[in-house]
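Raw target14.cif, mmCIF, C-alpha atoms:
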```cif
data_entry
loop_
_atom_site.group_PDB
_atom_site.id
_atom_site.type_symbol
_atom_site.label_atom_id
_atom_site.label_comp_id
_atom_site.auth_asym_id
_atom_site.auth_seq_id
_atom_site.Cartn_x
_atom_site.Cartn_y
_atom_site.Cartn_z
ATOM 1 C CA MET A 1298 10.137 -7.850 8.048
ATOM 2 C CA LEU A 1299 6.566 -6.451 8.073
ATOM 3 C CA ALA A 1300 5.201 -9.667 9.580
ATOM 4 C CA ASP A 1301 7.864 -9.474 12.308
ATOM 5 C CA TYR A 1302 6.978 -5.860 13.160
ATOM 6 C CA LEU A 1303 3.287 -6.740 13.368
ATOM 7 C CA SER A 1304 3.840 -9.887 15.457
ATOM 8 C CA ARG A 1305 6.116 -8.086 17.889
ATOM 9 C CA ALA A 1306 3.763 -5.101 18.168
ATOM 10 C CA ALA A 1307 0.795 -7.370 18.883
ATOM 11 C CA GLY A 1308 2.860 -9.347 21.403
ATOM 12 C CA ALA A 1309 3.711 -6.114 23.209
ATOM 13 C CA GLY A 1310 0.021 -5.228 23.507
ATOM 14 C CA ALA A 1311 0.304 -2.304 21.077
ATOM 15 C CA SER A 1312 -2.833 -0.710 19.693
ATOM 16 C CA SER A 1313 -0.943 0.717 16.700
ATOM 17 C CA LEU A 1314 2.197 0.150 14.659
ATOM 18 C CA LEU A 1315 3.590 3.260 12.967
ATOM 19 C CA LEU A 1316 5.876 2.806 9.969
ATOM 20 C CA VAL A 1317 6.884 6.266 8.804
ATOM 21 C CA ALA A 1318 9.622 6.828 6.248
ATOM 22 C CA ASN A 1319 12.861 8.215 7.672
ATOM 23 C CA GLN A 1320 11.692 7.525 11.259
ATOM 24 C CA PRO A 1321 12.266 4.477 13.464
ATOM 25 C CA PRO A 1322 9.296 2.097 13.632
ATOM 26 C CA GLY A 1323 7.033 2.916 16.549
ATOM 27 C CA VAL A 1324 4.212 1.337 18.515
ATOM 28 C CA ARG A 1325 1.503 2.896 20.619
ATOM 29 C CA VAL A 1326 1.102 1.126 23.958
ATOM 30 C CA GLY A 1327 -1.160 2.627 26.608
ATOM 31 C CA GLY A 1328 -1.380 5.852 24.614
ATOM 32 C CA GLU A 1329 2.396 6.323 24.520
ATOM 33 C CA ILE A 1330 4.592 6.016 21.420
ATOM 34 C CA GLN A 1331 7.549 3.693 21.956
ATOM 35 C CA THR A 1332 10.361 2.558 19.659
ATOM 36 C CA PRO A 1333 11.036 -1.060 20.681
ATOM 37 C CA PHE A 1334 12.660 -1.913 17.340
ATOM 38 C CA GLY A 1335 15.608 0.437 17.851
ATOM 39 C CA SER A 1336 16.427 3.905 16.613
ATOM 40 C CA VAL A 1337 17.329 3.137 12.990
ATOM 41 C CA PRO A 1338 15.021 5.056 10.625
ATOM 42 C CA LEU A 1339 13.075 3.154 7.982
ATOM 43 C CA PRO A 1340 14.277 3.949 4.456
ATOM 44 C CA PHE A 1341 11.560 5.291 2.170
ATOM 45 C CA ARG A 1342 12.006 2.273 -0.112
ATOM 46 C CA THR A 1343 11.086 0.012 2.813
ATOM 47 C CA THR A 1344 7.845 1.840 3.605
ATOM 48 C CA GLU A 1345 7.074 1.878 -0.121
ATOM 49 C CA ALA A 1346 7.538 -1.919 -0.242
ATOM 50 C CA PHE A 1347 5.255 -2.315 2.795
ATOM 51 C CA ALA A 1348 2.576 -0.191 1.090
ATOM 52 C CA LEU A 1349 2.811 -2.294 -2.061
ATOM 53 C CA ALA A 1350 2.505 -5.445 0.060
ATOM 54 C CA VAL A 1351 -0.731 -4.408 1.778
ATOM 55 C CA LEU A 1352 -2.553 -2.657 -1.077
ATOM 56 C CA ASP A 1353 -4.164 -4.285 -4.088
ATOM 57 C CA ALA A 1354 -4.556 -2.519 -7.450
ATOM 58 C CA VAL A 1355 -7.704 -0.668 -6.343
ATOM 59 C CA GLY A 1356 -6.038 0.435 -3.104
ATOM 60 C CA LEU A 1357 -3.054 1.756 -5.032
ATOM 61 C CA GLN A 1358 -5.353 3.708 -7.350
ATOM 62 C CA LEU A 1359 -7.157 5.242 -4.368
ATOM 63 C CA LEU A 1360 -3.834 6.119 -2.749
ATOM 64 C CA ASP A 1361 -2.661 7.841 -5.929
ATOM 65 C CA ARG A 1362 -5.977 9.673 -6.312
ATOM 66 C CA ASP A 1363 -6.626 10.689 -2.697
ATOM 67 C CA GLY A 1364 -3.210 10.627 -1.032
ATOM 68 C CA SER A 1365 -4.395 8.105 1.570
ATOM 69 C CA VAL A 1366 -6.361 4.888 1.790
ATOM 70 C CA GLU A 1367 -7.601 2.683 4.636
ATOM 71 C CA VAL A 1368 -8.021 -1.064 4.214
ATOM 72 C CA PRO A 1369 -8.322 -4.133 6.421
ATOM 73 C CA PHE A 1370 -5.269 -6.365 6.771
ATOM 74 C CA GLU A 1371 -4.412 -9.841 8.062
ATOM 75 C CA ILE A 1372 -0.688 -10.621 8.200
ATOM 76 C CA ALA A 1373 1.052 -13.272 10.302
ATOM 77 C CA GLY A 1374 -2.097 -13.848 12.351
ATOM 78 C CA VAL A 1375 -2.430 -10.136 13.185
ATOM 79 C CA GLY A 1376 -5.364 -8.222 11.776
ATOM 80 C CA GLY A 1377 -6.949 -4.818 11.849
ATOM 81 C CA MET A 1378 -6.998 -1.726 9.680
ATOM 82 C CA VAL A 1379 -4.084 -0.006 7.980
ATOM 83 C CA THR A 1380 -3.983 3.554 6.713
ATOM 84 C CA VAL A 1381 -1.433 4.158 3.974
ATOM 85 C CA PHE A 1382 -0.721 7.802 3.215
ATOM 86 C CA TYR A 1383 1.775 10.040 1.504
ATOM 87 C CA GLY A 1384 3.783 12.289 3.781
ATOM 88 C CA GLY A 1385 6.983 14.075 2.891
ATOM 89 C CA GLY A 1386 6.794 12.509 -0.562
ATOM 90 C CA CYS A 1387 6.993 9.009 0.953
ATOM 91 C CA HIS A 1388 4.646 6.133 1.734
ATOM 92 C CA ASN A 1389 3.768 5.872 5.429
ATOM 93 C CA LEU A 1390 1.619 3.311 7.220
ATOM 94 C CA VAL A 1391 -0.357 3.213 10.450
ATOM 95 C CA PHE A 1392 -1.598 -0.244 11.430
ATOM 96 C CA ARG A 1393 -4.415 -0.263 14.015
ATOM 97 C CA LEU A 1394 -4.179 -3.728 15.512
ATOM 98 C CA GLY A 1395 -7.421 -5.551 16.112
ATOM 99 C CA SER A 1396 -9.443 -2.626 14.755
ATOM 100 C CA THR A 1397 -12.049 -3.367 12.114
ATOM 101 C CA GLY A 1398 -13.728 0.028 11.976
ATOM 102 C CA GLY A 1399 -12.734 3.500 10.889
ATOM 103 C CA PRO A 1400 -9.998 5.732 12.258
ATOM 104 C CA ASP A 1401 -9.678 5.819 16.025
ATOM 105 C CA ALA A 1402 -7.938 8.022 18.559
ATOM 106 C CA ASP A 1403 -4.693 6.067 18.166
ATOM 107 C CA ALA A 1404 -4.086 7.228 14.596
ATOM 108 C CA PRO A 1405 -2.002 10.348 14.109
ATOM 109 C CA ASP A 1406 -3.873 13.299 12.653
ATOM 110 C CA GLN A 1407 -1.982 13.256 9.346
ATOM 111 C CA SER A 1408 -3.022 9.669 8.644
ATOM 112 C CA THR A 1409 -6.713 10.462 8.448
ATOM 113 C CA PRO A 1410 -7.159 13.496 6.216
ATOM 114 C CA ALA A 1411 -10.694 14.570 5.392
ATOM 115 C CA HIS A 1412 -12.032 13.487 2.009
ATOM 116 C CA ASP A 1413 -14.815 14.941 -0.066
ATOM 117 C CA ALA A 1414 -17.621 12.449 -0.504
#
```

Could you render the structure as structure tokens?
Amino acid sequence: MLADYLSRAAGAGASSLLLVANQPPGVRVGGEIQTPFGSVPLPFRTTEAFALAVLDAVGLQLLDRDGSVEVPFEIAGVGGMVTVFYGGGCHNLVFRLGSTGGPDADAPDQSTPAHDA
């Protein structure tokens, strides 16, 4: 299912794919959030499974320690950066398609909390 979301988002020219627990999947196209996958909210177990699929053991430790983590991803021929964060007690993910750097303007504010160095 994650590969399908990513492939369809990339095919639609999306800059971001937003997978937030208890919300329908969304994409950012031309600066606007759209819900091309329908209006059915993602169960928290689904976003948790997606987080477990994209994070290795170190990523999971960082997520538990810091509440968010950003890592590169490559799934179904689509790559970029993904931020996994806790929100509302659930795992949430923001995929920035084609991005290889840090957070950009497409990421929602809650996905990029400040960290102490």

Item to complete: Would you translate the PyMOL selection byres ((chain A and resi 1322-1333) around 12) into the concrete set of residues it matches in this file, as number ranges by chain?
Response: A: 1298-1299, 1301-1321, 1334-1340, 1343-1344, 1389-1394, 1401-1405

Fill in: Ground truth for the PyMOL selection byres ((chain A and resi 1349) around 12), written as a PyMOL selection string
chain A and resi 1299+1342-1348+1350-1358+1360+1381-1382+1388-1390

If the box runs along x, y and z of the file and leaves 3 Å on each side of segment 1334-1337 of chain A, what are its centre and edge lengths in Å, one decimal, as AutoDock Vina command-line options?
```
--center_x 15.0 --center_y 1.0 --center_z 15.4 --size_x 10.7 --size_y 11.8 --size_z 10.9
```

Practice prompt. In Å, rounded to a single decimal, give me how far atom CA of Ala1300 of chain A is from atom CA of Gly1384 of chain A.
Written response: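 Taking atom CA of Gly1384 of chain A as the start and atom CA of Ala1300 of chain A as the end point, the length is 22.8 Å.
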
Worksheet entry | Point-to-point distance in Å for atom CA of Glu1367 of chain A and atom CA of Ser1396 of chain A |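 Atom CA of Glu1367 of chain A lies at a distance of 11.6 Å from atom CA of Ser1396 of chain A.
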
Item to complete: Rounded to one decimal place, report the atom CA of Asp1363 of chain A-atom CA of Gly1386 of chain A distance in Å.
Response: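 A separation of 13.7 Å between them.
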
Fill in: Reference answer for the PyMOL selection byres ((chain A and resi 1376) around 6), as a ChimeraX atom specification
/A:1370-1371,1375,1377,1394-1395
